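Chemist: Got a file for you: target24.cif, mmCIF, C-alpha atoms.
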data_final
loop_
_atom_site.label_atom_id
_atom_site.label_comp_id
_atom_site.auth_asym_id
_atom_site.auth_seq_id
_atom_site.Cartn_x
_atom_site.Cartn_y
_atom_site.Cartn_z
CA MET A 1 -35.89 102.42 11.42
CA GLU A 2 -38.25 101.80 8.53
CA TYR A 3 -41.82 103.10 8.82
CA ARG A 4 -44.81 101.63 7.03
CA ARG A 5 -48.46 102.57 6.62
CA LEU A 6 -50.77 100.46 8.75
CA GLY A 7 -53.11 98.90 6.23
CA ALA A 8 -55.17 101.40 4.25
CA SER A 9 -54.66 104.18 6.78
CA GLY A 10 -52.52 107.24 7.22
CA LEU A 11 -50.86 105.88 10.36
CA LEU A 12 -47.13 105.24 10.01
CA VAL A 13 -45.82 102.50 12.27
CA PRO A 14 -42.26 101.25 12.76
CA ALA A 15 -41.34 97.95 11.12
CA LEU A 16 -40.53 96.70 14.63
CA SER A 17 -42.77 97.46 17.60
CA PHE A 18 -42.18 96.68 21.26
CA GLY A 19 -44.42 94.17 23.03
CA ALA A 20 -44.98 94.93 26.71
CA GLY A 21 -46.19 91.45 27.65
CA THR A 22 -43.09 91.13 29.88
CA PHE A 23 -44.13 94.17 31.94
CA GLY A 24 -45.80 93.58 35.29
CA GLY A 25 -45.20 89.90 35.97
CA ARG A 26 -48.57 89.03 37.54
CA GLY A 27 -50.13 85.59 37.20
CA GLU A 28 -48.71 82.21 36.28
CA LEU A 29 -48.43 82.78 32.52
CA PHE A 30 -47.21 86.36 32.47
CA SER A 31 -44.77 85.99 35.34
CA ALA A 32 -43.08 83.30 33.21
CA TRP A 33 -42.79 85.84 30.39
CA GLY A 34 -41.13 88.48 32.54
CA ASP A 35 -41.52 90.78 35.52
CA THR A 36 -40.19 94.10 34.25
CA ASP A 37 -40.94 96.93 36.68
CA ALA A 38 -41.41 100.63 35.89
CA GLU A 39 -37.73 101.56 36.24
CA GLN A 40 -36.60 98.73 33.95
CA ALA A 41 -39.44 99.53 31.55
CA ARG A 42 -38.30 103.14 31.26
CA ARG A 43 -34.91 101.90 30.15
CA MET A 44 -36.53 99.58 27.56
CA VAL A 45 -38.57 102.51 26.25
CA ASP A 46 -35.40 104.66 26.10
CA ILE A 47 -33.58 102.05 23.99
CA SER A 48 -36.59 101.53 21.74
CA LEU A 49 -37.15 105.22 21.04
CA GLU A 50 -33.44 105.74 20.35
CA ALA A 51 -33.72 103.03 17.68
CA GLY A 52 -36.92 104.50 16.20
CA VAL A 53 -39.24 101.89 17.69
CA THR A 54 -42.17 104.18 18.39
CA MET A 55 -45.08 101.76 18.91
CA PHE A 56 -45.65 99.88 22.16
CA ASP A 57 -48.23 97.09 22.35
CA THR A 58 -50.02 95.76 25.42
CA ALA A 59 -53.48 94.49 26.50
CA ASP A 60 -55.79 94.70 29.48
CA VAL A 61 -55.30 90.99 30.26
CA TYR A 62 -51.51 91.17 30.36
CA SER A 63 -50.59 90.67 34.03
CA ASP A 64 -54.14 91.65 35.06
CA GLY A 65 -53.63 95.21 33.83
CA ALA A 66 -50.16 95.63 35.34
CA SER A 67 -48.56 95.68 31.89
CA GLU A 68 -50.56 98.78 30.98
CA GLU A 69 -49.76 100.37 34.36
CA VAL A 70 -46.01 99.78 34.03
CA LEU A 71 -46.01 100.96 30.41
CA GLY A 72 -47.95 104.08 31.39
CA ALA A 73 -45.36 104.89 34.07
CA ALA A 74 -42.49 104.25 31.65
CA ILE A 75 -43.77 106.69 29.01
CA LYS A 76 -44.77 109.46 31.39
CA GLY A 77 -43.69 112.85 30.05
CA ARG A 78 -43.15 111.67 26.46
CA ARG A 79 -46.57 110.53 25.27
CA ASP A 80 -46.25 112.64 22.13
CA GLN A 81 -43.15 110.71 21.02
CA LEU A 82 -44.84 107.32 20.62
CA LEU A 83 -47.84 105.23 19.68
CA LEU A 84 -49.81 103.13 22.16
CA SER A 85 -51.51 99.93 21.09
CA THR A 86 -53.71 97.93 23.43
CA LYS A 87 -56.46 95.31 23.30
CA ALA A 88 -59.63 94.17 25.05
CA SER A 89 -62.38 91.50 24.76
CA LEU A 90 -60.81 88.57 26.62
CA PRO A 91 -62.16 87.99 30.16
CA THR A 92 -60.63 90.08 32.94
CA GLY A 93 -63.04 88.74 35.58
CA PRO A 94 -66.32 86.84 36.07
CA GLY A 95 -68.70 89.79 35.79
CA PRO A 96 -70.91 90.40 32.73
CA THR A 97 -69.05 93.61 31.87
CA GLN A 98 -65.63 91.97 32.20
CA TYR A 99 -65.55 90.04 28.94
CA GLY A 100 -66.67 90.25 25.34
CA SER A 101 -67.19 93.14 22.93
CA GLY A 102 -70.62 94.50 23.85
CA ARG A 103 -71.00 98.28 24.10
CA ALA A 104 -70.85 98.40 27.91
CA ARG A 105 -67.80 96.18 28.00
CA LEU A 106 -65.90 98.14 25.34
CA VAL A 107 -66.63 101.56 26.84
CA GLY A 108 -65.57 100.36 30.28
CA ALA A 109 -62.49 98.58 28.96
CA VAL A 110 -61.28 101.62 27.05
CA GLU A 111 -61.80 103.92 30.04
CA ALA A 112 -59.87 101.48 32.28
CA SER A 113 -57.00 101.19 29.79
CA LEU A 114 -56.78 104.97 29.49
CA ARG A 115 -56.46 105.25 33.28
CA ARG A 116 -53.80 102.57 33.54
CA LEU A 117 -51.81 103.97 30.63
CA GLY A 118 -52.06 107.54 31.93
CA THR A 119 -53.27 108.95 28.63
CA ASP A 120 -56.43 110.40 27.12
CA TYR A 121 -56.26 108.50 23.82
CA ILE A 122 -55.17 105.15 22.40
CA ASP A 123 -53.51 105.17 18.99
CA LEU A 124 -54.49 101.61 18.03
CA PHE A 125 -57.23 99.71 19.86
CA GLN A 126 -57.78 96.08 18.90
CA LEU A 127 -60.40 93.51 19.81
CA HIS A 128 -58.45 90.66 21.38
CA ALA A 129 -60.94 88.04 20.19
CA PHE A 130 -64.18 87.77 18.21
CA ASP A 131 -67.33 87.93 20.35
CA ALA A 132 -69.84 85.64 18.65
CA GLY A 133 -72.54 86.53 21.18
CA THR A 134 -72.70 90.22 20.29
CA PRO A 135 -74.00 91.49 16.91
CA VAL A 136 -71.15 92.89 14.85
CA GLU A 137 -73.26 96.01 14.20
CA GLU A 138 -73.23 96.78 17.93
CA VAL A 139 -69.48 96.18 18.15
CA VAL A 140 -68.48 98.38 15.22
CA ALA A 141 -70.93 101.12 16.26
CA ALA A 142 -69.51 101.20 19.80
CA LEU A 143 -65.97 101.36 18.46
CA ASP A 144 -66.91 104.12 16.02
CA ASP A 145 -68.39 106.16 18.90
CA LEU A 146 -65.12 105.80 20.82
CA VAL A 147 -63.19 106.97 17.76
CA ARG A 148 -65.49 109.98 17.32
CA ALA A 149 -65.10 110.79 21.02
CA GLY A 150 -61.32 111.02 20.47
CA LYS A 151 -60.49 108.15 22.82
CA ILE A 152 -59.28 105.86 20.01
CA ARG A 153 -57.57 106.87 16.77
CA TYR A 154 -57.35 103.61 14.80
CA LEU A 155 -59.07 100.24 15.11
CA GLY A 156 -57.92 96.68 14.68
CA ALA A 157 -58.75 93.09 15.49
CA SER A 158 -56.66 90.22 16.80
CA ASN A 159 -56.87 86.48 16.13
CA PHE A 160 -60.03 86.72 14.02
CA ALA A 161 -60.98 84.05 11.51
CA GLY A 162 -61.34 85.25 7.94
CA TRP A 163 -65.15 85.30 7.97
CA GLN A 164 -65.20 87.14 11.30
CA LEU A 165 -62.92 89.88 10.04
CA MET A 166 -64.74 90.18 6.72
CA LYS A 167 -68.17 90.31 8.41
CA SER A 168 -66.93 93.10 10.68
CA LEU A 169 -65.50 95.08 7.78
CA ALA A 170 -68.72 94.65 5.79
CA ALA A 171 -70.81 95.90 8.72
CA ALA A 172 -68.61 98.96 9.09
CA ASP A 173 -68.82 99.69 5.36
CA LYS A 174 -72.60 99.22 5.29
CA HIS A 175 -73.18 101.76 8.05
CA GLY A 176 -70.36 104.16 7.18
CA LEU A 177 -68.42 103.42 10.37
CA THR A 178 -64.70 103.28 11.13
CA ARG A 179 -63.03 100.18 9.66
CA TYR A 180 -60.37 97.95 11.11
CA VAL A 181 -57.00 98.76 9.57
CA ALA A 182 -54.95 96.23 11.55
CA HIS A 183 -55.11 92.54 12.37
CA GLN A 184 -52.77 91.37 15.12
CA VAL A 185 -51.87 87.80 14.16
CA TYR A 186 -49.54 84.96 14.97
CA TYR A 187 -47.06 84.53 12.12
CA SER A 188 -43.58 83.02 12.10
CA LEU A 189 -41.30 80.68 10.17
CA VAL A 190 -42.82 77.81 12.18
CA GLY A 191 -46.38 79.10 11.96
CA ARG A 192 -47.44 80.17 8.47
CA ASP A 193 -51.21 79.57 8.65
CA TYR A 194 -51.76 83.33 8.32
CA GLU A 195 -50.79 83.09 4.67
CA TRP A 196 -53.67 80.94 3.41
CA GLU A 197 -56.69 83.16 4.06
CA LEU A 198 -55.92 86.10 6.31
CA MET A 199 -53.03 87.46 4.24
CA PRO A 200 -55.03 87.62 0.96
CA LEU A 201 -57.94 89.12 2.89
CA GLY A 202 -55.67 91.75 4.41
CA GLN A 203 -54.21 92.60 1.03
CA ASP A 204 -57.64 92.87 -0.57
CA GLN A 205 -59.25 94.88 2.24
CA GLY A 206 -56.37 97.11 3.30
CA VAL A 207 -55.78 95.49 6.69
CA GLY A 208 -52.16 95.43 7.83
CA ALA A 209 -50.67 92.61 9.88
CA VAL A 210 -49.34 93.38 13.34
CA VAL A 211 -47.36 90.21 14.04
CA TRP A 212 -47.19 88.67 17.51
CA SER A 213 -44.78 85.93 18.62
CA PRO A 214 -42.59 86.23 15.49
CA LEU A 215 -40.07 83.82 17.02
CA GLY A 216 -42.57 80.99 17.30
CA TRP A 217 -43.34 81.37 21.02
CA GLY A 218 -39.65 81.45 21.89
CA ARG A 219 -38.62 78.52 19.70
CA LEU A 220 -36.53 80.52 17.22
CA THR A 221 -34.13 82.07 19.70
CA GLY A 222 -31.17 80.01 18.50
CA LYS A 223 -31.08 78.04 21.75
CA ILE A 224 -33.29 75.13 20.70
CA ARG A 225 -31.78 72.50 18.42
CA ARG A 226 -32.23 68.91 17.37
CA GLY A 227 -31.11 66.36 19.94
CA GLN A 228 -30.67 68.88 22.75
CA PRO A 229 -32.87 69.46 25.82
CA LEU A 230 -34.65 72.76 26.36
CA PRO A 231 -32.29 75.31 27.92
CA ALA A 232 -32.84 75.75 31.65
CA GLY A 233 -33.86 79.40 31.22
CA SER A 234 -36.40 78.84 28.43
CA ARG A 235 -39.93 79.98 29.21
CA LEU A 236 -41.20 77.03 27.17
CA HIS A 237 -40.88 74.88 30.31
CA GLN A 238 -43.85 76.79 31.75
CA THR A 239 -45.67 78.26 28.76
CA ALA A 240 -45.45 75.81 25.83
CA GLU A 241 -49.02 74.54 26.31
CA ALA A 242 -50.39 78.09 26.16
CA GLY A 243 -48.76 78.92 22.82
CA PRO A 244 -49.14 77.90 19.18
CA PRO A 245 -48.39 74.23 18.49
CA VAL A 246 -45.21 73.53 16.55
CA ASP A 247 -44.09 70.21 15.08
CA ASP A 248 -40.64 69.43 16.50
CA GLU A 249 -39.19 68.04 13.27
CA LYS A 250 -40.40 71.04 11.28
CA LEU A 251 -38.85 73.31 13.90
CA TYR A 252 -35.50 71.53 13.66
CA ASP A 253 -35.56 71.70 9.84
CA VAL A 254 -36.10 75.46 10.00
CA VAL A 255 -33.43 75.95 12.67
CA ASP A 256 -30.94 74.00 10.55
CA VAL A 257 -31.38 76.51 7.73
CA LEU A 258 -31.31 79.45 10.14
CA ASP A 259 -27.98 78.18 11.45
CA GLU A 260 -26.62 77.98 7.91
CA LEU A 261 -27.74 81.55 7.17
CA ALA A 262 -26.34 82.81 10.46
CA ALA A 263 -22.91 81.51 9.40
CA GLU A 264 -23.31 83.16 5.97
CA THR A 265 -24.58 86.54 7.14
CA GLY A 266 -22.99 87.01 10.54
CA LYS A 267 -26.45 87.67 11.95
CA THR A 268 -28.14 85.78 14.78
CA VAL A 269 -30.91 83.21 14.39
CA PRO A 270 -33.60 85.55 15.80
CA GLN A 271 -32.46 88.41 13.57
CA ILE A 272 -32.76 86.22 10.48
CA ALA A 273 -36.19 84.92 11.49
CA LEU A 274 -37.43 88.48 12.03
CA ASN A 275 -35.88 89.75 8.80
CA TRP A 276 -37.72 87.03 6.85
CA LEU A 277 -41.03 88.20 8.31
CA LEU A 278 -40.36 91.83 7.45
CA ARG A 279 -40.34 90.91 3.74
CA ARG A 280 -43.76 89.21 3.80
CA PRO A 281 -46.82 90.78 2.14
CA THR A 282 -49.23 92.81 4.33
CA VAL A 283 -46.84 92.84 7.31
CA ALA A 284 -46.89 96.37 8.71
CA THR A 285 -45.03 95.81 11.98
CA VAL A 286 -43.52 92.91 13.90
CA ILE A 287 -43.84 92.99 17.68
CA VAL A 288 -40.68 92.05 19.54
CA GLY A 289 -40.51 91.51 23.27
CA ALA A 290 -37.55 91.35 25.60
CA ARG A 291 -36.89 90.45 29.21
CA ASN A 292 -33.65 92.43 29.29
CA GLU A 293 -31.65 95.02 27.37
CA ASP A 294 -29.48 92.45 25.60
CA GLN A 295 -32.50 90.67 24.11
CA LEU A 296 -33.98 93.96 22.97
CA ARG A 297 -30.79 95.14 21.29
CA GLN A 298 -30.40 91.79 19.54
CA ASN A 299 -33.93 91.97 18.17
CA LEU A 300 -33.32 95.51 16.93
CA GLY A 301 -30.53 94.07 14.78
CA ALA A 302 -33.14 92.56 12.46
CA ILE A 303 -33.48 95.95 10.75
CA GLY A 304 -31.13 97.65 8.29
CA TRP A 305 -30.23 94.71 6.06
CA GLN A 306 -31.96 92.12 3.88
CA LEU A 307 -31.71 88.43 3.20
CA THR A 308 -30.92 87.56 -0.41
CA THR A 309 -33.54 86.07 -2.69
CA ASP A 310 -31.80 82.70 -2.48
CA GLN A 311 -31.68 82.80 1.31
CA VAL A 312 -35.38 83.65 1.49
CA ALA A 313 -36.16 80.75 -0.85
CA ARG A 314 -34.27 78.33 1.41
CA LEU A 315 -36.23 79.50 4.43
CA ASP A 316 -39.49 79.29 2.46
CA LYS A 317 -38.74 75.70 1.50
CA ALA A 318 -37.73 74.59 4.99
CA SER A 319 -40.80 76.18 6.61
CA ALA A 320 -43.39 75.25 3.97
CA THR A 321 -46.40 73.14 4.97
CA THR A 322 -49.37 71.76 3.08
CA PRO A 323 -52.20 74.29 3.25
CA PRO A 324 -55.49 73.20 4.87
CA TYR A 325 -58.72 72.52 3.03
CA PRO A 326 -60.12 74.16 0.92
CA TYR A 327 -56.76 75.42 -0.34
CA TYR A 328 -54.63 72.34 -0.85
CA PRO A 329 -56.60 70.66 -3.69
CA TYR A 330 -56.08 73.63 -5.97
CA TYR A 331 -52.67 74.95 -4.99
CA ARG A 332 -51.30 71.66 -6.30
CA LEU A 333 -52.49 72.64 -9.77
CA PRO A 334 -49.91 74.75 -11.64
CA ASP A 335 -52.54 76.87 -13.41
CA PHE A 336 -54.55 77.71 -10.29
CA THR A 337 -52.58 80.91 -9.74
CA ARG A 338 -54.23 82.37 -12.84
CA LEU A 339 -57.42 82.57 -10.79
CA ASN A 340 -55.83 83.20 -7.41
CA PRO A 341 -52.44 84.89 -7.70
CA PRO A 342 -50.36 84.75 -4.51
CA ALA A 343 -50.03 87.81 -2.30
CA VAL A 344 -47.11 89.98 -3.36
#
What does this structure look like when you write it as structure tokens?
Modeler:
Amino acid sequence: MEYRRLGASGLLVPALSFGAGTFGGRGELFSAWGDTDAEQARRMVDISLEAGVTMFDTADVYSDGASEEVLGAAIKGRRDQLLLSTKASLPTGPGPTQYGSGRARLVGAVEASLRRLGTDYIDLFQLHAFDAGTPVEEVVAALDDLVRAGKIRYLGASNFAGWQLMKSLAAADKHGLTRYVAHQVYYSLVGRDYEWELMPLGQDQGVGAVVWSPLGWGRLTGKIRRGQPLPAGSRLHQTAEAGPPVDDEKLYDVVDVLDELAAETGKTVPQIALNWLLRRPTVATVIVGARNEDQLRQNLGAIGWQLTTDQVARLDKASATTPPYPYYPYYRLPDFTRLNPPAV
């Protein structure tokens, strides 16, 4: 396994992390993802640790907290061998302390996550969404207090807009508080919006990308192709509306190239899609999930080899899209990169 620094921090994270969204199986959305119980989860953790996958990501909203509970049971007795990453801010109920990023909410959410996970500290705690109703100074101060209390070691955000992340970082800098070093983001061959603003921001500010849904919400599994119906076992039947939108023709264009590269390399479509992501600037770790051991072992095969420069270029071309305003007017000009060089 390859290990990388998480943003501008001293924390080393594996290039691949394990996503525990399939643990628990409560609720309509998460039961469609998976229903891994504690015994099965222990086996998944065994396989991951054997491969050097030492970070496990979850959230308080995953299966109404059951994901954290199952993960906590699965790691019992080996907490010192791994990193725990979890998130809060999204609503977990109707009460005023069950949503958002105010001080009361964050303190309560962290305490609840610690209980469910069976630990006394969280390695990486991320805000699952930006709370526009709470002053950022209150948010970063509350998080800093939790870090100083030893309940959190590193901070991150998830799904923030560029201005939201930058405002939070500026507030932390102004008051000498703990900064975010991670941004958990959606990024894949069929979803490259991260590149236009958030990637340059991360590179400039020392914020590493923790990538979720690297296979495009299950679309880059190798089972979805032009002119064929969705496979019967695909979770897209139940969850497509909840995930990132993907243009079908763009998806098929990307899959066509992935199929070509699979024939050339002897690797699978998901392994190639993951390997492409691992080469991208600012990417610290890519979260992979699995509903069974076979899926997990296949995903682990994305490590230990590299696509060639030509193969990367073919994937870049097939997956490229026109950037949104205000980027597209200038990126069409050949000399614009003198002012704004691309992330490297």
Chemist: Suppose you want the space between CA of Ala142 in chain A and CA of Gly108 in chain A; what is it in Å?
Modeler: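 Atom-to-atom, CA of Ala142 in chain A to CA of Gly108 in chain A, that is 11.2 Å.
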Chemist: Given the file above and the PyMOL selection byres ((chain A and resi 2-9) around 7), which residues are selected, and can you give them as a list in words?
Modeler: Met1, Gly10, Leu11, Leu12, Val13, Pro14, Ala15, Val181, Ala182, Gly206, Val207, Gly208 and Ala284 of chain A
Chemist: Rounded to one decimal, what separation in Å do you get between CA of Gly133 in chain A and CA of Gly100 in chain A?
Modeler: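 Value for the CA of Gly133 in chain A-CA of Gly100 in chain A distance: 8.1 Å.
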Chemist: Closest to Gly118 in chain A among A:Arg291, A:Arg103, A:Arg148, A:Arg78, using only C-alpha atoms?
Modeler: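 Of all the options, A:Arg78 lies closest to Gly118 in chain A.
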Chemist: Where does the PyMOL selection byres ((chain A and resi 86-89) around 10) land in this file, that is, which residues does it pick, as a ChimeraX atom specification?
Modeler: /A:20,56-62,68,84-85,90-92,97-102,105-106,109-110,113-114,117,122-131,155-158,184
Chemist: May I ask which of the residues A:Gly301, A:Gly150, A:Gly52, A:Gly19 is the closest one to Gly266 in chain A, counting all atoms listed in the file?
Modeler: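 That would be A:Gly301, the residue with the smallest distance to Gly266 in chain A.
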Chemist: Need to verify the contact set: Arg116 in chain A, 8 Å, all atoms listed in the file, exclusion of same-chain residues closer than 5 positions in sequence. Can you return it as an NGL selection string?
Modeler: :A and (65 or 68-69 or 72)
Chemist: Quick one: residues within 8 Å of Met44 in chain A, only C-alpha atoms counted, chain neighbours fewer than 5 positions away excluded, as a PyMOL selection string?
Modeler: chain A and resi 292-293+296
Chemist: Go ahead and write the residues just picked, C-alpha atoms, as a PDB file, keeping the file's coordinate frame.
Modeler:
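Result written to selection.pdb:
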ATOM      1  CA  ASN A 292     -33.650  92.430  29.290  1.00  0.00           C
ATOM      2  CA  GLU A 293     -31.650  95.020  27.370  1.00  0.00           C
ATOM      3  CA  LEU A 296     -33.980  93.960  22.970  1.00  0.00           C
TER       4      LEU A 296
END
Chemist: To one decimal place in Å, what is the distance between CA of Leu49 in chain A and CA of Arg26 in chain A?
Modeler: 25.8 Å
Chemist: Once the PyMOL selection byres ((chain A and resi 306) around 12) is applied to the coordinates I shared, what remains selected? I want it as a VMD selection string.
Modeler: chain A and resid 261 265 267 271 to 279 301 to 305 307 to 312
Chemist: Which residue is closest to Thr321 in chain A? Choose from A:Asp253, A:Asp173, A:Glu39, A:Asp144 and count all atoms listed in the file.
Modeler: A:Asp253
Chemist: From the list A:Thr22, A:Thr119, A:Gln205, A:Thr322, which residue is nearest Ser63 in chain A when using all atoms listed in the file?
Modeler: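 Of A:Thr22, A:Thr119, A:Gln205, A:Thr322, the one nearest Ser63 in chain A is A:Thr22, counting all atoms listed in the file.
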Chemist: Determine, counting all atoms listed in the file, which protein, DNA and RNA residues have an atom within 10 Å of an atom of Asp248 in chain A; residues of the same chain fewer than 4 positions away are not included. Present the result as a list in words.
Modeler: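 The residues that qualify are Val190, Arg219, Arg225, Arg226, Tyr252, Asp253 and Val254 of chain A.
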Chemist: Given all atoms listed in the file as the basis, pick out the residue of A:Thr178, A:Thr134, A:Gln228, A:Thr268 nearest to Arg297 in chain A.
Modeler: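 Under the stated criterion, the closest residue is A:Thr268.
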Chemist: So, counting only C-alpha atoms, which residue among A:Asp80, A:Glu50, A:Asp204, A:Glu28 is closest to Leu169 in chain A?
Modeler: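 So, comparing all the options, the nearest one is A:Asp204.
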Chemist: Within 10 Å of (-37.0, 105.7, 22.8) (file coordinates; only C-alpha atoms), which protein or nucleic acid residues are there? I'd like them as a count of residues only.
Modeler: 18
